[in-house]
Amino acid sequence: ADPQVSFRDFPFCKEVFEFLPQCEGSLAIDKRGLPYAIRCPGMANVVGMFSVISEDDLLLFQIYLNEWRMCQLEEHARKTGELCGVLIVQDMFAPDGLLNAWRKQGNKATVMRRVTGMMDEHYPGIMEKVLLVNAPWALHALTKVVTPLLPPRIVQKIQIIPVDQTPTRLLEFICPEKLPSFLGGNAENEEFVPARAAALLARPGTEVSIKAGCIEECSLSLEANDEATCSVFVEGGLDIMLD
């Protein structure tokens, strides 16, 4: 893969980007001068994606992507003498709730095993850290389901970062002007992930702040086939786990 080739020139990139909002490289550069990745799995439409491409097509896209990453890392090593990996930022924001988003995607176990297995076997050093940011309480439950499907070496690289800690953590690795505002930076969201920017403008729901020891009631109007979700956060970074 040519390191100068645009990320968007990879096979099936148009289809993957349409159904899995993301960006990598271009404006998304970390403090080391390396491209970093932003993925928005909470906004993914896996069923829609596999209606237009196959699992083999997705695997081909991933191969091109990882070969391109290898070129970036090799060039960086030649210039600096530093051997390192790519920072992966998984934005866990989900407009309809993370659990609802997960349920809508159908059975993903097979494709997850194929993609992560390929990366673990052929590109084990590509990913340095996988940060699951803007993490709601529901993510703790989902990780119990997902982590058994992943290779142990990949699981060891995963870190869950709560919503209130996301900006501080990411700014350790990325300058504010190279980080979109939905992740705590100063850059325009539209320049990184347009679909994520649009979701912020159209975000449904109501936020209720409740002081400790108080009771607050609010109503919710639902129509047939509507789904209701909630997330609960405590100031200071301690999530309330709902079972």
# chains A, B, ... in the order shown; residues from 1 in each chain; ligands from 1
call {"tool": "closest_atom_pairs", "arguments": {"of": "region 139-173 of chain A", "to": "region 87-93 of chain A", "cutoff": "9 Å", "atoms": "only C-alpha atoms", "output": "tab-separated table"}}
result
residue	atom	partner	partner_atom	distance
A:Leu139	CA	A:Met92	CA	8.1
A:Leu170	CA	A:Val89	CA	8.7
A:Phe173	CA	A:Leu87	CA	8.6
call {"tool": "residues_around", "arguments": {"residues": "region 107-121 of chain A", "least_positions_apart": "3", "cutoff": "8 Å", "atoms": "only C-alpha atoms", "output": "ChimeraX atom specification"}}
result
/A:55,59,62,124,149-151,153-154
call {"tool": "atom_distance", "arguments": {"atom1": "CA of Ser6 (chain A)", "atom2": "CA of Asn66 (chain A)"}}
result
13.1 Å
call {"tool": "atom_distance", "arguments": {"atom1": "CA of Phe19 (chain A)", "atom2": "CA of Ala135 (chain A)"}}
result
20.7 Å
call {"tool": "select_by_dssp", "arguments": {"residues": "region 14-239 of chain A", "states": "helix (DSSP H, G or I)", "output": "NGL selection string"}}
result
:A and (14-19 or 41-43 or 46-49 or 55-80 or 98-104 or 109-122 or 138-149 or 152-155 or 163-170 or 176-178 or 181-183 or 189-191 or 194-201)
call {"tool": "select_by_dssp", "arguments": {"residues": "region 100-199 of chain A", "states": "strand (DSSP E or B)", "output": "list in words"}}
result
Met127, Glu128, Lys129, Val130, Leu131, Leu132, Val133, Asn134, Ala135, Ile158, Gln159, Ile160, Ile161, Pro162, Pro180 and Ala187 of chain A
call {"tool": "atom_distance", "arguments": {"atom1": "CA of Val52 (chain A)", "atom2": "CA of Phe12 (chain A)"}}
result
9.7 Å
call {"tool": "residues_around", "arguments": {"residues": "Ala37 (chain A)", "least_positions_apart": "2", "cutoff": "12 Å", "atoms": "only C-alpha atoms", "output": "PDB file with N, CA, C and O atoms, in the first residue's frame"}}
result
ATOM      1  N   PHE A   7      -6.977   7.382   2.348  1.00  0.00           N
ATOM      2  CA  PHE A   7      -7.778   6.372   3.051  1.00  0.00           C
ATOM      3  C   PHE A   7      -9.064   6.053   2.285  1.00  0.00           C
ATOM      4  O   PHE A   7      -9.517   4.915   2.233  1.00  0.00           O
ATOM      5  N   PRO A  21     -19.717   5.320  10.354  1.00  0.00           N
ATOM      6  CA  PRO A  21     -19.075   6.635  10.364  1.00  0.00           C
ATOM      7  C   PRO A  21     -17.693   6.577  11.016  1.00  0.00           C
ATOM      8  O   PRO A  21     -17.538   6.009  12.104  1.00  0.00           O
ATOM      9  N   GLN A  22     -16.709   7.199  10.348  1.00  0.00           N
ATOM     10  CA  GLN A  22     -15.339   7.113  10.844  1.00  0.00           C
ATOM     11  C   GLN A  22     -14.446   8.084  10.089  1.00  0.00           C
ATOM     12  O   GLN A  22     -14.839   8.664   9.077  1.00  0.00           O
ATOM     13  N   CYS A  23     -13.227   8.235  10.556  1.00  0.00           N
ATOM     14  CA  CYS A  23     -12.185   8.927   9.808  1.00  0.00           C
ATOM     15  C   CYS A  23     -10.837   8.449  10.317  1.00  0.00           C
ATOM     16  O   CYS A  23     -10.728   7.897  11.420  1.00  0.00           O
ATOM     17  N   GLU A  24      -9.811   8.661   9.498  1.00  0.00           N
ATOM     18  CA  GLU A  24      -8.455   8.273   9.886  1.00  0.00           C
ATOM     19  C   GLU A  24      -7.469   9.048   9.030  1.00  0.00           C
ATOM     20  O   GLU A  24      -7.607   9.100   7.813  1.00  0.00           O
ATOM     21  N   GLY A  25      -6.471   9.619   9.671  1.00  0.00           N
ATOM     22  CA  GLY A  25      -5.504  10.405   8.923  1.00  0.00           C
ATOM     23  C   GLY A  25      -6.079  11.741   8.491  1.00  0.00           C
ATOM     24  O   GLY A  25      -7.074  12.222   9.027  1.00  0.00           O
ATOM     25  N   SER A  26      -5.452  12.375   7.501  1.00  0.00           N
ATOM     26  CA  SER A  26      -5.823  13.718   7.047  1.00  0.00           C
ATOM     27  C   SER A  26      -5.719  14.676   8.230  1.00  0.00           C
ATOM     28  O   SER A  26      -4.633  14.933   8.725  1.00  0.00           O
ATOM     29  N   LEU A  27      -6.834  15.179   8.757  1.00  0.00           N
ATOM     30  CA  LEU A  27      -6.795  16.065   9.916  1.00  0.00           C
ATOM     31  C   LEU A  27      -6.569  15.308  11.222  1.00  0.00           C
ATOM     32  O   LEU A  27      -6.133  15.904  12.214  1.00  0.00           O
ATOM     33  N   ALA A  28      -6.886  14.013  11.226  1.00  0.00           N
ATOM     34  CA  ALA A  28      -6.774  13.208  12.444  1.00  0.00           C
ATOM     35  C   ALA A  28      -5.325  12.738  12.625  1.00  0.00           C
ATOM     36  O   ALA A  28      -4.955  11.622  12.253  1.00  0.00           O
ATOM     37  N   ILE A  29      -4.490  13.603  13.209  1.00  0.00           N
ATOM     38  CA  ILE A  29      -3.081  13.325  13.432  1.00  0.00           C
ATOM     39  C   ILE A  29      -2.773  13.518  14.919  1.00  0.00           C
ATOM     40  O   ILE A  29      -3.165  14.526  15.507  1.00  0.00           O
ATOM     41  N   ASP A  30      -2.064  12.565  15.519  1.00  0.00           N
ATOM     42  CA  ASP A  30      -1.770  12.685  16.946  1.00  0.00           C
ATOM     43  C   ASP A  30      -0.489  13.485  17.182  1.00  0.00           C
ATOM     44  O   ASP A  30       0.128  13.999  16.242  1.00  0.00           O
ATOM     45  N   LEU A  34       1.465  10.893  13.757  1.00  0.00           N
ATOM     46  CA  LEU A  34       0.886   9.699  13.145  1.00  0.00           C
ATOM     47  C   LEU A  34      -0.635   9.847  13.000  1.00  0.00           C
ATOM     48  O   LEU A  34      -1.286  10.465  13.847  1.00  0.00           O
ATOM     49  N   PRO A  35      -1.190   9.254  11.940  1.00  0.00           N
ATOM     50  CA  PRO A  35      -2.658   9.236  11.831  1.00  0.00           C
ATOM     51  C   PRO A  35      -3.261   8.445  12.994  1.00  0.00           C
ATOM     52  O   PRO A  35      -2.708   7.434  13.417  1.00  0.00           O
ATOM     53  N   ARG A  39     -13.658   5.826  15.165  1.00  0.00           N
ATOM     54  CA  ARG A  39     -14.770   4.986  14.734  1.00  0.00           C
ATOM     55  C   ARG A  39     -15.978   5.315  15.587  1.00  0.00           C
ATOM     56  O   ARG A  39     -15.847   5.604  16.771  1.00  0.00           O
ATOM     57  N   CYS A  40     -17.160   5.237  14.995  1.00  0.00           N
ATOM     58  CA  CYS A  40     -18.409   5.518  15.715  1.00  0.00           C
ATOM     59  C   CYS A  40     -19.313   4.293  15.664  1.00  0.00           C
ATOM     60  O   CYS A  40     -20.329   4.279  14.953  1.00  0.00           O
ATOM     61  N   LEU A  65      -6.436  -1.203   4.676  1.00  0.00           N
ATOM     62  CA  LEU A  65      -6.282  -0.245   5.767  1.00  0.00           C
ATOM     63  C   LEU A  65      -5.051  -0.564   6.598  1.00  0.00           C
ATOM     64  O   LEU A  65      -4.246   0.327   6.919  1.00  0.00           O
ATOM     65  N   ASN A  66      -4.870  -1.821   6.964  1.00  0.00           N
ATOM     66  CA  ASN A  66      -3.761  -2.182   7.829  1.00  0.00           C
ATOM     67  C   ASN A  66      -2.419  -2.148   7.102  1.00  0.00           C
ATOM     68  O   ASN A  66      -1.395  -1.846   7.725  1.00  0.00           O
ATOM     69  N   ARG A  69      -1.605   1.446   7.241  1.00  0.00           N
ATOM     70  CA  ARG A  69      -1.114   1.782   8.578  1.00  0.00           C
ATOM     71  C   ARG A  69       0.335   1.340   8.752  1.00  0.00           C
ATOM     72  O   ARG A  69       1.148   2.056   9.347  1.00  0.00           O
ATOM     73  N   GLY A  85       2.527   1.942  17.605  1.00  0.00           N
ATOM     74  CA  GLY A  85       1.314   1.535  16.919  1.00  0.00           C
ATOM     75  C   GLY A  85       0.354   2.694  16.761  1.00  0.00           C
ATOM     76  O   GLY A  85       0.615   3.819  17.182  1.00  0.00           O
ATOM     77  N   VAL A  86      -0.787   2.393  16.156  1.00  0.00           N
ATOM     78  CA  VAL A  86      -1.813   3.403  15.868  1.00  0.00           C
ATOM     79  C   VAL A  86      -2.783   3.504  17.042  1.00  0.00           C
ATOM     80  O   VAL A  86      -3.166   2.499  17.649  1.00  0.00           O
ATOM     81  N   LEU A  87      -3.175   4.726  17.346  1.00  0.00           N
ATOM     82  CA  LEU A  87      -4.192   4.978  18.366  1.00  0.00           C
ATOM     83  C   LEU A  87      -5.575   4.840  17.733  1.00  0.00           C
ATOM     84  O   LEU A  87      -5.877   5.494  16.736  1.00  0.00           O
ATOM     85  N   ILE A  88      -6.404   3.979  18.317  1.00  0.00           N
ATOM     86  CA  ILE A  88      -7.773   3.766  17.834  1.00  0.00           C
ATOM     87  C   ILE A  88      -8.739   4.359  18.856  1.00  0.00           C
ATOM     88  O   ILE A  88      -8.728   3.988  20.030  1.00  0.00           O
ATOM     89  N   VAL A  89      -9.565   5.291  18.407  1.00  0.00           N
ATOM     90  CA  VAL A  89     -10.564   5.927  19.269  1.00  0.00           C
ATOM     91  C   VAL A  89     -11.946   5.446  18.837  1.00  0.00           C
ATOM     92  O   VAL A  89     -12.397   5.730  17.725  1.00  0.00           O
ATOM     93  N   GLN A  90     -12.600   4.713  19.697  1.00  0.00           N
ATOM     94  CA  GLN A  90     -13.952   4.216  19.426  1.00  0.00           C
ATOM     95  C   GLN A  90     -14.940   5.085  20.211  1.00  0.00           C
ATOM     96  O   GLN A  90     -15.030   4.984  21.434  1.00  0.00           O
ATOM     97  N   ASP A  91     -15.646   5.948  19.502  1.00  0.00           N
ATOM     98  CA  ASP A  91     -16.632   6.830  20.136  1.00  0.00           C
ATOM     99  C   ASP A  91     -17.925   6.046  20.346  1.00  0.00           C
ATOM    100  O   ASP A  91     -18.598   5.664  19.390  1.00  0.00           O
ATOM    101  N   ILE A 126      -0.035  -3.428  15.152  1.00  0.00           N
ATOM    102  CA  ILE A 126      -0.593  -2.235  14.503  1.00  0.00           C
ATOM    103  C   ILE A 126      -1.292  -1.311  15.497  1.00  0.00           C
ATOM    104  O   ILE A 126      -1.094  -0.102  15.489  1.00  0.00           O
ATOM    105  N   MET A 127      -2.131  -1.875  16.345  1.00  0.00           N
ATOM    106  CA  MET A 127      -2.909  -1.067  17.281  1.00  0.00           C
ATOM    107  C   MET A 127      -2.162  -0.943  18.601  1.00  0.00           C
ATOM    108  O   MET A 127      -1.854  -1.944  19.234  1.00  0.00           O
ATOM    109  N   GLU A 128      -1.899   0.289  19.004  1.00  0.00           N
ATOM    110  CA  GLU A 128      -1.200   0.512  20.272  1.00  0.00           C
ATOM    111  C   GLU A 128      -2.186   0.577  21.426  1.00  0.00           C
ATOM    112  O   GLU A 128      -1.978  -0.041  22.470  1.00  0.00           O
ATOM    113  N   LYS A 129      -3.243   1.354  21.251  1.00  0.00           N
ATOM    114  CA  LYS A 129      -4.301   1.479  22.252  1.00  0.00           C
ATOM    115  C   LYS A 129      -5.638   1.524  21.543  1.00  0.00           C
ATOM    116  O   LYS A 129      -5.751   2.068  20.442  1.00  0.00           O
ATOM    117  N   VAL A 130      -6.655   0.957  22.184  1.00  0.00           N
ATOM    118  CA  VAL A 130      -8.032   1.063  21.706  1.00  0.00           C
ATOM    119  C   VAL A 130      -8.824   1.707  22.837  1.00  0.00           C
ATOM    120  O   VAL A 130      -9.122   1.072  23.852  1.00  0.00           O
ATOM    121  N   LEU A 131      -9.148   2.991  22.664  1.00  0.00           N
ATOM    122  CA  LEU A 131      -9.848   3.730  23.699  1.00  0.00           C
ATOM    123  C   LEU A 131     -11.339   3.793  23.385  1.00  0.00           C
ATOM    124  O   LEU A 131     -11.738   4.333  22.346  1.00  0.00           O
ATOM    125  N   LEU A 132     -12.150   3.217  24.243  1.00  0.00           N
ATOM    126  CA  LEU A 132     -13.608   3.271  24.102  1.00  0.00           C
ATOM    127  C   LEU A 132     -14.075   4.500  24.878  1.00  0.00           C
ATOM    128  O   LEU A 132     -14.185   4.468  26.112  1.00  0.00           O
ATOM    129  N   ILE A 174      -3.459  13.846  21.684  1.00  0.00           N
ATOM    130  CA  ILE A 174      -3.836  14.602  20.483  1.00  0.00           C
ATOM    131  C   ILE A 174      -3.966  16.077  20.835  1.00  0.00           C
ATOM    132  O   ILE A 174      -4.577  16.428  21.853  1.00  0.00           O
ATOM    133  N   LYS A 178      -6.418  19.163  16.479  1.00  0.00           N
ATOM    134  CA  LYS A 178      -6.477  17.930  15.691  1.00  0.00           C
ATOM    135  C   LYS A 178      -7.521  16.960  16.235  1.00  0.00           C
ATOM    136  O   LYS A 178      -7.570  15.804  15.842  1.00  0.00           O
ATOM    137  N   LEU A 179      -8.359  17.461  17.143  1.00  0.00           N
ATOM    138  CA  LEU A 179      -9.372  16.618  17.791  1.00  0.00           C
ATOM    139  C   LEU A 179     -10.731  17.288  17.657  1.00  0.00           C
ATOM    140  O   LEU A 179     -10.881  18.460  18.004  1.00  0.00           O
ATOM    141  N   PHE A 192     -14.331  16.002  10.504  1.00  0.00           N
ATOM    142  CA  PHE A 192     -13.862  14.677  10.882  1.00  0.00           C
ATOM    143  C   PHE A 192     -14.907  13.606  10.547  1.00  0.00           C
ATOM    144  O   PHE A 192     -14.672  12.746   9.712  1.00  0.00           O
ATOM    145  N   VAL A 193     -16.050  13.655  11.218  1.00  0.00           N
ATOM    146  CA  VAL A 193     -17.118  12.666  10.987  1.00  0.00           C
ATOM    147  C   VAL A 193     -18.436  13.427  10.810  1.00  0.00           C
ATOM    148  O   VAL A 193     -19.121  13.731  11.790  1.00  0.00           O
TER     149      VAL A 193
END
call {"tool": "closest_residue", "arguments": {"among": "A:Pro176, A:Thr166, A:Lys14, A:Glu217", "to": "Glu188 (chain A)", "atoms": "only C-alpha atoms"}}
result
A:Pro176
call {"tool": "closest_residue", "arguments": {"among": "A:Gly42, A:Gly48, A:Gly33, A:Pro95", "to": "Glu15 (chain A)", "atoms": "only C-alpha atoms"}}
result
A:Gly48
call {"tool": "closest_residue", "arguments": {"among": "A:Asp9, A:Glu18, A:Asp96, A:Glu82", "to": "Val46 (chain A)", "atoms": "only C-alpha atoms"}}
result
A:Glu18
call {"tool": "closest_residue", "arguments": {"among": "A:Pro11, A:His122, A:Ser221, A:Arg32", "to": "Leu58 (chain A)", "atoms": "only C-alpha atoms"}}
result
A:Pro11
